[in-house]
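**Student:** Have a look at this one before I ask anything.
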Amino acid sequence: MSEKMNQSNWGYVFRELREAKNFSLSKAAGDYQGSTNYITSKVQVSRFERGISDITLTKISGLLENIGVSFEEYLYHIRSYEQPREISLVEHLGRFQELNQLDKIEEQHLILANDYQKTKQRKFYWLALEFKAYLALKNFKDYEIKAEEINAVSDYLFSVLEWGESEIFLFGEFIPFLSEKQVFDYAKEVVNRTEFYRQFPQHKQQVVLMIRDCALYFIDKTMKEEANELLKDYKNLIASPIVDVYNRKEYKFVEGKYLLMVGKKQEAQQIFEFLAQMYELLDYPETAEMIRKIVTNK
């Protein structure tokens, strides 16, 4: 969303979806004897798929309807196709962070900063800032996040109507540099501006984990009102008739931490004891003991 989509990829993505749905060119185009849903000729669709010629958005919408794909899902697949490098870079950043390879993070930051200088594409600017933010957080060399960079991130995030993976990760990396009010406001944006993104299970999990971390952020700061509000959002996000043991377990842990913060020690102890017993049944006695100590350490 931060960059203009390359329309030369639209036909390629349509072909991938059509073939995945097992539709012939004729069926997708509605170009066959007795058809009641004719959109255009199968030759024209073939030319569109191969990038030889364009067709109108109205016809694309009709073709998508013929193969049972919403226009929103189509745009999502186009965006995913066009961002393989960005996704790979985010994965690299996470791996470098786990291994504390600050020199690797700096190297990638400099490459991305150079890419931005050469192309002026904002996606490289945001990615470079994500890598720089971690270097600044670790006090590596003389790296620091400046006020104008925080303002740039702030303006960008509020300008995007529907957040995706890149916006969520950008916000996550900048949490240490934002004011408490900004963290709360952006956490609410994670909930409010990811409606389409959350339709895909693997991406909804990213949203859930971000809200979990933001709720814990305010619990650790003993900010009751903000923590309570995000805990409600967290609960709504995982509400589903399908049992998701991991997310339900994680939610109960955060709820227990919140109850401790507001002085409801007995209720918190019941939750942590339940979680401890669960871990014991799963043969994780060390984790069970750690959970029981949360209440006593308070």
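Ligands are numbered from 1 in the order shown, residues from 1 within each chain, and chains are lettered A, B, ... in the order they appear in the structure tokens.
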Need to verify the contact set: region 250-257 of chain A, 10 Å, only C-alpha atoms, exclusion of same-chain residues closer than 4 positions in sequence. Can you return it as a PyMOL selection string?
**Tutor:** chain A and resi 208-209+212-213+215-216+219-220+227-228+231-232+234-235+238+245-246+261-262+264-272+274-275+291+294-295
**Student:** What would the file look like if the residues just selected were written as a PDB file, in the first residue's frame with C-alpha atoms?
**Tutor:**
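Output saved as again_0.pdb:
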ATOM      1  CA  VAL A 208      -3.101 -10.854  17.863  1.00  0.00           C
ATOM      2  CA  LEU A 209       0.520 -11.043  19.011  1.00  0.00           C
ATOM      3  CA  ARG A 212      -0.839  -9.025  23.274  1.00  0.00           C
ATOM      4  CA  ASP A 213       2.526  -7.266  23.460  1.00  0.00           C
ATOM      5  CA  ALA A 215      -1.376  -4.986  26.508  1.00  0.00           C
ATOM      6  CA  LEU A 216       1.673  -6.318  28.383  1.00  0.00           C
ATOM      7  CA  ILE A 219       0.503  -3.733  32.340  1.00  0.00           C
ATOM      8  CA  ASP A 220       4.232  -3.414  32.975  1.00  0.00           C
ATOM      9  CA  ALA A 227      -4.221  -2.117  29.672  1.00  0.00           C
ATOM     10  CA  ASN A 228      -7.893  -2.887  30.291  1.00  0.00           C
ATOM     11  CA  LEU A 231      -7.182  -6.582  26.970  1.00  0.00           C
ATOM     12  CA  LYS A 232     -10.765  -6.234  25.714  1.00  0.00           C
ATOM     13  CA  TYR A 234      -7.267  -8.903  22.662  1.00  0.00           C
ATOM     14  CA  LYS A 235     -10.222 -10.983  23.858  1.00  0.00           C
ATOM     15  CA  ILE A 238      -9.337 -14.373  19.618  1.00  0.00           C
ATOM     16  CA  VAL A 245      -5.423 -23.366  22.493  1.00  0.00           C
ATOM     17  CA  TYR A 246      -2.261 -21.302  22.043  1.00  0.00           C
ATOM     18  CA  MET A 261      -1.639  -5.269  38.557  1.00  0.00           C
ATOM     19  CA  VAL A 262      -5.096  -4.175  39.748  1.00  0.00           C
ATOM     20  CA  LYS A 264      -6.924  -9.067  42.383  1.00  0.00           C
ATOM     21  CA  LYS A 265      -4.300 -11.517  43.543  1.00  0.00           C
ATOM     22  CA  GLN A 266      -6.623 -14.421  44.311  1.00  0.00           C
ATOM     23  CA  GLU A 267      -8.223 -14.370  40.854  1.00  0.00           C
ATOM     24  CA  ALA A 268      -4.798 -14.090  39.250  1.00  0.00           C
ATOM     25  CA  GLN A 269      -3.501 -16.990  41.309  1.00  0.00           C
ATOM     26  CA  GLN A 270      -6.364 -19.194  40.086  1.00  0.00           C
ATOM     27  CA  ILE A 271      -5.479 -18.414  36.468  1.00  0.00           C
ATOM     28  CA  PHE A 272      -1.762 -19.035  36.933  1.00  0.00           C
ATOM     29  CA  PHE A 274      -4.625 -23.454  35.962  1.00  0.00           C
ATOM     30  CA  LEU A 275      -1.896 -22.601  33.434  1.00  0.00           C
ATOM     31  CA  ILE A 291       4.286 -19.408  36.210  1.00  0.00           C
ATOM     32  CA  ILE A 294       4.751 -14.915  39.172  1.00  0.00           C
ATOM     33  CA  VAL A 295       2.240 -14.535  42.013  1.00  0.00           C
TER      34      VAL A 295
END
**Student:** Please give the complete set of residues from region 60-169 of chain A that DSSP, run on the backbone, assigns to alpha helix (DSSP H), formatted as a VMD selection string.
**Tutor:** chain A and resid 60 to 67 71 to 82 84 to 99 102 to 119 122 to 137 147 to 159 165 to 169
**Student:** Find the spatial neighbours of Ser26 (chain A), counting only C-alpha atoms, within a cut-off of 8 Å - ignore same-chain residues fewer than 4 positions away - and output them as a PDB file with C-alpha atoms, in the first residue's frame.
**Tutor:**
ATOM      1  CA  GLY A  30     -17.267 -16.660 -19.953  1.00  0.00           C
ATOM      2  CA  ASP A  31     -16.290 -17.274 -23.576  1.00  0.00           C
ATOM      3  CA  TYR A  32     -18.016 -20.561 -24.390  1.00  0.00           C
ATOM      4  CA  SER A  41     -12.680 -13.244 -25.199  1.00  0.00           C
ATOM      5  CA  LYS A  42     -10.398 -15.979 -23.910  1.00  0.00           C
TER       6      LYS A  42
END
**Student:** Which residues of region 27-109 of chain A come within 12 Å of region 171-182 of chain A, and for each one, what is the closest pair of atoms and their distance in Å to one decimal, counting only C-alpha atoms, sorted by chain and residue number, as a tab-separated table?
**Tutor:**
residue	atom	partner	partner_atom	distance
A:Val90	CA	A:Glu173	CA	10.6
A:Leu93	CA	A:Glu173	CA	10.3
A:Gly94	CA	A:Glu173	CA	10.5
A:Gln97	CA	A:Glu173	CA	11.3
**Student:** For region 156-163 of chain A, work out the shell of residues within 12 Å, counting only C-alpha atoms and skipping chain neighbours fewer than 2 positions away, then give it as a short mmCIF file (atom, residue, chain, number, x, y, z; two decimals) with all heavy atoms, in the first residue's frame.
**Tutor:**
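Okay, this is what ended up in out.cif:
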data_model
loop_
_atom_site.label_atom_id
_atom_site.label_comp_id
_atom_site.auth_asym_id
_atom_site.auth_seq_id
_atom_site.Cartn_x
_atom_site.Cartn_y
_atom_site.Cartn_z
N MET A 1 0.81 -1.20 0.00
CA MET A 1 0.00 0.00 0.00
C MET A 1 0.84 1.25 0.00
O MET A 1 0.38 2.31 -0.38
CB MET A 1 -0.93 0.01 1.21
CG MET A 1 -2.03 -1.00 1.09
SD MET A 1 -3.05 -1.08 2.56
CE MET A 1 -1.93 -1.86 3.69
N SER A 2 2.07 1.16 0.53
CA SER A 2 2.91 2.33 0.58
C SER A 2 3.49 2.70 -0.78
O SER A 2 3.94 3.81 -0.99
CB SER A 2 4.06 2.09 1.56
OG SER A 2 4.81 0.98 1.17
N GLU A 3 3.48 1.74 -1.71
CA GLU A 3 4.00 2.00 -3.04
C GLU A 3 2.92 1.71 -4.08
O GLU A 3 2.04 0.89 -3.88
CB GLU A 3 5.22 1.09 -3.33
CG GLU A 3 6.37 1.28 -2.35
CD GLU A 3 7.02 2.63 -2.44
OE1 GLU A 3 7.05 3.20 -3.56
OE2 GLU A 3 7.48 3.13 -1.42
N GLU A 72 -10.90 -7.73 -3.33
CA GLU A 72 -10.02 -7.46 -2.20
C GLU A 72 -8.96 -8.55 -2.07
O GLU A 72 -7.78 -8.28 -1.83
CB GLU A 72 -10.83 -7.36 -0.91
CG GLU A 72 -11.69 -6.11 -0.80
CD GLU A 72 -12.99 -6.24 -1.60
OE1 GLU A 72 -13.27 -7.34 -2.12
OE2 GLU A 72 -13.71 -5.23 -1.70
N TYR A 76 -4.85 -8.31 -2.49
CA TYR A 76 -3.94 -8.84 -1.47
C TYR A 76 -2.86 -9.71 -2.11
O TYR A 76 -1.67 -9.60 -1.78
CB TYR A 76 -4.72 -9.66 -0.44
CG TYR A 76 -3.80 -10.49 0.43
CD1 TYR A 76 -3.08 -9.90 1.47
CD2 TYR A 76 -3.61 -11.84 0.18
CE1 TYR A 76 -2.20 -10.64 2.23
CE2 TYR A 76 -2.73 -12.59 0.93
CZ TYR A 76 -2.04 -11.98 1.96
OH TYR A 76 -1.16 -12.72 2.71
N ARG A 122 9.75 5.02 -0.89
CA ARG A 122 9.55 5.11 0.55
C ARG A 122 9.62 3.77 1.26
O ARG A 122 9.95 3.69 2.44
CB ARG A 122 8.22 5.80 0.85
CG ARG A 122 8.13 7.22 0.35
CD ARG A 122 9.10 8.14 1.06
NE ARG A 122 8.63 8.57 2.38
CZ ARG A 122 9.31 9.35 3.20
NH1 ARG A 122 10.52 9.80 2.84
NH2 ARG A 122 8.84 9.70 4.37
N LYS A 123 9.32 2.69 0.55
CA LYS A 123 9.36 1.39 1.20
C LYS A 123 10.77 1.10 1.73
O LYS A 123 10.93 0.48 2.79
CB LYS A 123 8.91 0.28 0.25
CG LYS A 123 9.80 0.07 -0.97
CD LYS A 123 9.24 -1.02 -1.87
CE LYS A 123 10.10 -1.23 -3.11
NZ LYS A 123 9.54 -2.27 -4.00
N TYR A 125 12.85 3.40 2.74
CA TYR A 125 13.03 4.30 3.87
C TYR A 125 12.48 3.67 5.14
O TYR A 125 13.14 3.67 6.20
CB TYR A 125 12.32 5.63 3.59
CG TYR A 125 12.40 6.63 4.71
CD1 TYR A 125 13.60 7.25 5.03
CD2 TYR A 125 11.27 6.97 5.44
CE1 TYR A 125 13.68 8.18 6.06
CE2 TYR A 125 11.33 7.90 6.47
CZ TYR A 125 12.54 8.49 6.78
OH TYR A 125 12.60 9.41 7.80
N TRP A 126 11.26 3.11 5.07
CA TRP A 126 10.65 2.50 6.25
C TRP A 126 11.44 1.27 6.70
O TRP A 126 11.65 1.06 7.90
CB TRP A 126 9.20 2.12 5.98
CG TRP A 126 8.34 3.24 5.47
CD1 TRP A 126 7.56 3.24 4.35
CD2 TRP A 126 8.19 4.55 6.04
NE1 TRP A 126 6.94 4.45 4.19
CE2 TRP A 126 7.30 5.28 5.21
CE3 TRP A 126 8.71 5.16 7.17
CZ2 TRP A 126 6.93 6.58 5.48
CZ3 TRP A 126 8.35 6.47 7.44
CH2 TRP A 126 7.47 7.17 6.61
N GLU A 149 12.21 11.52 12.47
CA GLU A 149 11.95 10.15 12.00
C GLU A 149 10.72 9.58 12.70
O GLU A 149 9.91 8.89 12.07
CB GLU A 149 13.18 9.28 12.26
CG GLU A 149 14.37 9.67 11.38
CD GLU A 149 15.65 8.96 11.75
OE1 GLU A 149 15.84 8.64 12.95
OE2 GLU A 149 16.47 8.73 10.85
N ILE A 150 10.56 9.87 13.98
CA ILE A 150 9.35 9.45 14.70
C ILE A 150 8.13 10.12 14.08
O ILE A 150 7.09 9.47 13.88
CB ILE A 150 9.47 9.78 16.20
CG1 ILE A 150 10.59 8.96 16.84
CG2 ILE A 150 8.14 9.52 16.91
CD1 ILE A 150 10.86 9.32 18.28
N ASN A 151 8.24 11.40 13.77
CA ASN A 151 7.12 12.12 13.15
C ASN A 151 6.79 11.55 11.78
O ASN A 151 5.61 11.45 11.40
CB ASN A 151 7.45 13.61 13.04
CG ASN A 151 7.51 14.30 14.38
OD1 ASN A 151 6.88 13.85 15.34
ND2 ASN A 151 8.24 15.40 14.46
N ALA A 152 7.83 11.16 11.02
CA ALA A 152 7.59 10.59 9.69
C ALA A 152 6.85 9.27 9.80
O ALA A 152 5.90 9.00 9.04
CB ALA A 152 8.92 10.39 8.97
N VAL A 153 7.26 8.44 10.75
CA VAL A 153 6.57 7.16 10.97
C VAL A 153 5.14 7.40 11.40
O VAL A 153 4.20 6.75 10.92
CB VAL A 153 7.33 6.32 12.02
CG1 VAL A 153 6.49 5.12 12.46
CG2 VAL A 153 8.67 5.84 11.46
N SER A 154 4.96 8.36 12.31
CA SER A 154 3.62 8.68 12.80
C SER A 154 2.71 9.12 11.67
O SER A 154 1.58 8.62 11.53
CB SER A 154 3.72 9.79 13.86
OG SER A 154 2.44 10.20 14.27
N GLU A 165 1.30 -6.17 6.77
CA GLU A 165 2.46 -6.66 7.50
C GLU A 165 3.52 -5.58 7.70
O GLU A 165 4.08 -5.45 8.79
CB GLU A 165 3.07 -7.85 6.74
CG GLU A 165 4.20 -8.53 7.46
CD GLU A 165 4.61 -9.82 6.77
OE1 GLU A 165 4.79 -9.79 5.54
OE2 GLU A 165 4.75 -10.84 7.45
N SER A 166 3.80 -4.79 6.66
CA SER A 166 4.86 -3.80 6.77
C SER A 166 4.54 -2.74 7.82
O SER A 166 5.41 -2.31 8.58
CB SER A 166 5.13 -3.14 5.41
OG SER A 166 3.95 -2.53 4.91
N GLU A 167 3.27 -2.31 7.90
CA GLU A 167 2.89 -1.30 8.88
C GLU A 167 2.95 -1.86 10.31
O GLU A 167 3.37 -1.17 11.25
CB GLU A 167 1.49 -0.77 8.59
CG GLU A 167 1.39 0.10 7.35
CD GLU A 167 1.38 -0.69 6.05
OE1 GLU A 167 0.99 -1.88 6.09
OE2 GLU A 167 1.77 -0.13 5.01
N ILE A 168 2.52 -3.11 10.47
CA ILE A 168 2.55 -3.73 11.80
C ILE A 168 3.98 -3.85 12.31
O ILE A 168 4.28 -3.53 13.46
CB ILE A 168 1.86 -5.11 11.76
CG1 ILE A 168 0.36 -4.92 11.54
CG2 ILE A 168 2.10 -5.88 13.07
CD1 ILE A 168 -0.38 -6.21 11.27
N PHE A 169 4.89 -4.30 11.44
CA PHE A 169 6.28 -4.45 11.87
C PHE A 169 6.94 -3.10 12.12
O PHE A 169 7.76 -2.96 13.04
CB PHE A 169 7.06 -5.25 10.84
CG PHE A 169 6.84 -6.73 10.94
CD1 PHE A 169 6.35 -7.44 9.86
CD2 PHE A 169 7.14 -7.42 12.11
CE1 PHE A 169 6.14 -8.81 9.95
CE2 PHE A 169 6.93 -8.78 12.21
CZ PHE A 169 6.43 -9.49 11.13
N LEU A 170 6.60 -2.11 11.31
CA LEU A 170 7.16 -0.77 11.51
C LEU A 170 6.75 -0.23 12.87
O LEU A 170 7.58 0.30 13.63
CB LEU A 170 6.70 0.17 10.40
CG LEU A 170 7.22 1.61 10.45
CD1 LEU A 170 8.75 1.65 10.37
CD2 LEU A 170 6.61 2.43 9.32
N PHE A 171 5.49 -0.35 13.20
CA PHE A 171 5.01 0.08 14.51
C PHE A 171 5.71 -0.69 15.63
O PHE A 171 6.18 -0.10 16.62
CB PHE A 171 3.49 -0.12 14.61
CG PHE A 171 2.96 -0.03 16.01
CD1 PHE A 171 3.19 1.08 16.80
CD2 PHE A 171 2.20 -1.07 16.54
CE1 PHE A 171 2.69 1.15 18.10
CE2 PHE A 171 1.70 -1.01 17.83
CZ PHE A 171 1.95 0.11 18.61
N GLY A 172 5.83 -2.01 15.47
CA GLY A 172 6.45 -2.83 16.50
C GLY A 172 7.88 -2.42 16.80
O GLY A 172 8.30 -2.36 17.97
N PHE A 174 9.12 0.52 16.45
CA PHE A 174 9.20 1.88 16.97
C PHE A 174 8.57 2.05 18.34
O PHE A 174 8.63 3.14 18.92
CB PHE A 174 8.58 2.86 15.97
CG PHE A 174 9.61 3.51 15.09
CD1 PHE A 174 10.21 2.80 14.07
CD2 PHE A 174 10.02 4.82 15.31
CE1 PHE A 174 11.19 3.37 13.27
CE2 PHE A 174 11.00 5.41 14.53
CZ PHE A 174 11.59 4.69 13.50
N GLN A 182 1.17 7.61 22.21
CA GLN A 182 1.32 7.15 20.83
C GLN A 182 1.21 5.64 20.73
O GLN A 182 0.57 5.11 19.81
CB GLN A 182 2.66 7.62 20.27
CG GLN A 182 2.73 9.10 19.95
CD GLN A 182 4.12 9.52 19.51
OE1 GLN A 182 5.12 9.16 20.13
NE2 GLN A 182 4.20 10.28 18.42
N VAL A 183 1.83 4.92 21.65
CA VAL A 183 1.76 3.46 21.63
C VAL A 183 0.30 3.01 21.74
O VAL A 183 -0.15 2.13 21.00
CB VAL A 183 2.60 2.84 22.76
CG1 VAL A 183 2.37 1.32 22.82
CG2 VAL A 183 4.08 3.11 22.55
N ASP A 185 -2.44 4.79 20.99
CA ASP A 185 -3.18 5.18 19.78
C ASP A 185 -2.88 4.24 18.62
O ASP A 185 -3.79 3.82 17.89
CB ASP A 185 -2.81 6.61 19.38
CG ASP A 185 -3.39 7.65 20.33
OD1 ASP A 185 -4.30 7.30 21.11
OD2 ASP A 185 -2.92 8.80 20.31
N TYR A 186 -1.62 3.88 18.44
CA TYR A 186 -1.26 3.00 17.34
C TYR A 186 -1.73 1.58 17.58
O TYR A 186 -2.07 0.85 16.64
CB TYR A 186 0.25 3.03 17.08
CG TYR A 186 0.73 4.34 16.54
CD1 TYR A 186 1.83 4.98 17.09
CD2 TYR A 186 0.08 4.95 15.47
CE1 TYR A 186 2.27 6.20 16.59
CE2 TYR A 186 0.51 6.17 14.98
CZ TYR A 186 1.60 6.79 15.54
OH TYR A 186 2.03 7.99 15.05
N ALA A 187 -1.75 1.15 18.84
CA ALA A 187 -2.28 -0.18 19.15
C ALA A 187 -3.75 -0.27 18.74
O ALA A 187 -4.20 -1.28 18.19
CB ALA A 187 -2.12 -0.49 20.64
N LYS A 188 -4.48 0.81 18.96
CA LYS A 188 -5.88 0.84 18.53
C LYS A 188 -5.97 0.83 17.01
O LYS A 188 -6.91 0.25 16.44
CB LYS A 188 -6.58 2.08 19.09
CG LYS A 188 -6.69 2.10 20.61
CD LYS A 188 -7.52 0.94 21.16
CE LYS A 188 -8.97 1.07 20.82
NZ LYS A 188 -9.78 -0.01 21.46
N GLU A 189 -5.01 1.47 16.35
CA GLU A 189 -5.00 1.44 14.88
C GLU A 189 -4.74 0.02 14.38
O GLU A 189 -5.25 -0.37 13.32
CB GLU A 189 -3.93 2.40 14.35
CG GLU A 189 -4.20 3.86 14.62
CD GLU A 189 -5.56 4.31 14.10
OE1 GLU A 189 -5.89 4.03 12.93
OE2 GLU A 189 -6.31 4.92 14.88
N VAL A 190 -3.91 -0.74 15.09
CA VAL A 190 -3.67 -2.14 14.70
C VAL A 190 -4.99 -2.89 14.65
O VAL A 190 -5.24 -3.71 13.77
CB VAL A 190 -2.69 -2.83 15.68
CG1 VAL A 190 -2.63 -4.33 15.40
CG2 VAL A 190 -1.30 -2.22 15.57
N VAL A 191 -5.87 -2.59 15.61
CA VAL A 191 -7.18 -3.25 15.65
C VAL A 191 -8.10 -2.69 14.56
O VAL A 191 -8.76 -3.44 13.84
CB VAL A 191 -7.84 -3.06 17.03
CG1 VAL A 191 -9.24 -3.67 17.04
CG2 VAL A 191 -6.98 -3.68 18.12
N ASN A 192 -8.12 -1.38 14.42
CA ASN A 192 -9.09 -0.73 13.54
C ASN A 192 -8.73 -0.78 12.06
O ASN A 192 -9.62 -0.70 11.21
CB ASN A 192 -9.28 0.73 13.96
CG ASN A 192 -9.86 0.87 15.35
OD1 ASN A 192 -10.61 0.00 15.80
ND2 ASN A 192 -9.52 1.94 16.04
N ARG A 193 -7.44 -0.90 11.74
CA ARG A 193 -7.01 -0.79 10.35
C ARG A 193 -6.44 -2.09 9.77
O ARG A 193 -5.65 -2.06 8.83
CB ARG A 193 -5.98 0.33 10.20
CG ARG A 193 -6.49 1.69 10.65
CD ARG A 193 -5.65 2.81 10.12
NE ARG A 193 -6.02 4.10 10.68
CZ ARG A 193 -5.72 5.27 10.14
NH1 ARG A 193 -5.03 5.31 9.02
NH2 ARG A 193 -6.07 6.40 10.72
N THR A 194 -6.84 -3.21 10.33
CA THR A 194 -6.35 -4.50 9.80
C THR A 194 -7.50 -5.45 9.48
O THR A 194 -7.31 -6.66 9.44
CB THR A 194 -5.40 -5.18 10.80
OG1 THR A 194 -6.08 -5.36 12.05
CG2 THR A 194 -4.14 -4.36 11.03
N GLU A 195 -8.67 -4.89 9.23
CA GLU A 195 -9.85 -5.74 9.04
C GLU A 195 -9.67 -6.72 7.89
O GLU A 195 -9.94 -7.92 8.02
CB GLU A 195 -11.08 -4.87 8.80
CG GLU A 195 -12.38 -5.68 8.69
CD GLU A 195 -13.61 -4.80 8.54
OE1 GLU A 195 -13.47 -3.56 8.63
OE2 GLU A 195 -14.69 -5.36 8.33
N PHE A 196 -9.20 -6.24 6.74
CA PHE A 196 -9.01 -7.15 5.61
C PHE A 196 -7.81 -8.06 5.85
O PHE A 196 -7.85 -9.26 5.58
CB PHE A 196 -8.81 -6.37 4.31
CG PHE A 196 -8.44 -7.25 3.15
CD1 PHE A 196 -9.33 -8.18 2.65
CD2 PHE A 196 -7.18 -7.17 2.57
CE1 PHE A 196 -8.99 -9.02 1.59
CE2 PHE A 196 -6.83 -8.00 1.52
CZ PHE A 196 -7.73 -8.92 1.03
N TYR A 197 -6.74 -7.50 6.36
CA TYR A 197 -5.51 -8.26 6.61
C TYR A 197 -5.79 -9.47 7.50
O TYR A 197 -5.27 -10.56 7.28
CB TYR A 197 -4.49 -7.34 7.26
CG TYR A 197 -3.12 -7.92 7.48
CD1 TYR A 197 -2.24 -8.09 6.42
CD2 TYR A 197 -2.70 -8.30 8.75
CE1 TYR A 197 -0.96 -8.60 6.62
CE2 TYR A 197 -1.44 -8.80 8.96
CZ TYR A 197 -0.57 -8.96 7.89
OH TYR A 197 0.67 -9.47 8.10
N ARG A 198 -6.68 -9.30 8.49
CA ARG A 198 -6.96 -10.37 9.45
C ARG A 198 -7.79 -11.49 8.85
O ARG A 198 -7.97 -12.53 9.49
CB ARG A 198 -7.68 -9.82 10.68
CG ARG A 198 -6.88 -8.83 11.49
CD ARG A 198 -7.45 -8.67 12.90
NE ARG A 198 -8.86 -8.38 12.94
CZ ARG A 198 -9.38 -7.16 12.96
NH1 ARG A 198 -8.59 -6.11 12.90
NH2 ARG A 198 -10.68 -6.98 13.03
N HIS A 203 -1.94 -14.12 9.07
CA HIS A 203 -1.72 -12.71 9.32
C HIS A 203 -2.49 -12.22 10.54
O HIS A 203 -2.04 -11.32 11.25
CB HIS A 203 -2.11 -11.89 8.09
CG HIS A 203 -1.27 -12.22 6.90
ND1 HIS A 203 -1.74 -12.17 5.62
CD2 HIS A 203 0.02 -12.62 6.80
CE1 HIS A 203 -0.78 -12.52 4.78
NE2 HIS A 203 0.28 -12.80 5.47
N LYS A 204 -3.65 -12.82 10.77
CA LYS A 204 -4.39 -12.46 11.98
C LYS A 204 -3.54 -12.74 13.21
O LYS A 204 -3.57 -11.99 14.19
CB LYS A 204 -5.70 -13.25 12.07
CG LYS A 204 -6.50 -12.89 13.31
CD LYS A 204 -7.82 -13.65 13.37
CE LYS A 204 -8.58 -13.27 14.64
NZ LYS A 204 -9.88 -13.97 14.74
N GLN A 206 -0.39 -12.34 13.56
CA GLN A 206 0.52 -11.21 13.77
C GLN A 206 -0.18 -10.07 14.51
O GLN A 206 0.40 -9.43 15.38
CB GLN A 206 1.08 -10.72 12.44
CG GLN A 206 1.99 -11.73 11.76
CD GLN A 206 2.45 -11.25 10.40
OE1 GLN A 206 1.91 -10.30 9.86
NE2 GLN A 206 3.45 -11.91 9.84
N VAL A 207 -1.43 -9.82 14.14
CA VAL A 207 -2.20 -8.78 14.79
C VAL A 207 -2.44 -9.14 16.25
O VAL A 207 -2.28 -8.31 17.16
CB VAL A 207 -3.55 -8.56 14.07
CG1 VAL A 207 -4.41 -7.54 14.82
CG2 VAL A 207 -3.31 -8.10 12.64
#
**Student:** Tell me which of A:Met210, A:Glu106, A:Tyr116, A:Phe23 sits closest to Lys141 (chain A), counting only C-alpha atoms.
**Tutor:** A:Glu106
**Student:** Can you list, as a compact mmCIF listing (two decimals) with C-alpha atoms, in the first residue's frame, every protein, DNA or RNA residue that comes within 12 Å of Ser53 (chain A) when you count only C-alpha atoms, leaving out same-chain residues fewer than 3 positions away?
**Tutor:**
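What ended up in part_28.txt:
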# COMPACT_ATOMS: atom_id res chain seq x y z
CA GLN A 7 0.00 -3.29 -13.07
CA SER A 8 2.18 -5.53 -15.23
CA ASN A 9 1.87 -8.12 -12.46
CA TRP A 10 -1.91 -8.11 -12.40
CA GLY A 11 -2.30 -10.55 -15.27
CA TYR A 12 0.30 -12.91 -13.84
CA VAL A 43 -7.71 -14.60 -26.25
CA GLN A 44 -7.92 -11.23 -24.53
CA VAL A 45 -7.62 -12.89 -21.10
CA SER A 46 -4.57 -14.83 -22.29
CA ARG A 47 -2.92 -11.62 -23.49
CA PHE A 48 -3.72 -9.98 -20.14
CA GLU A 49 -2.20 -12.88 -18.22
CA ARG A 50 1.00 -12.73 -20.27
CA THR A 56 -10.33 -2.49 -17.73
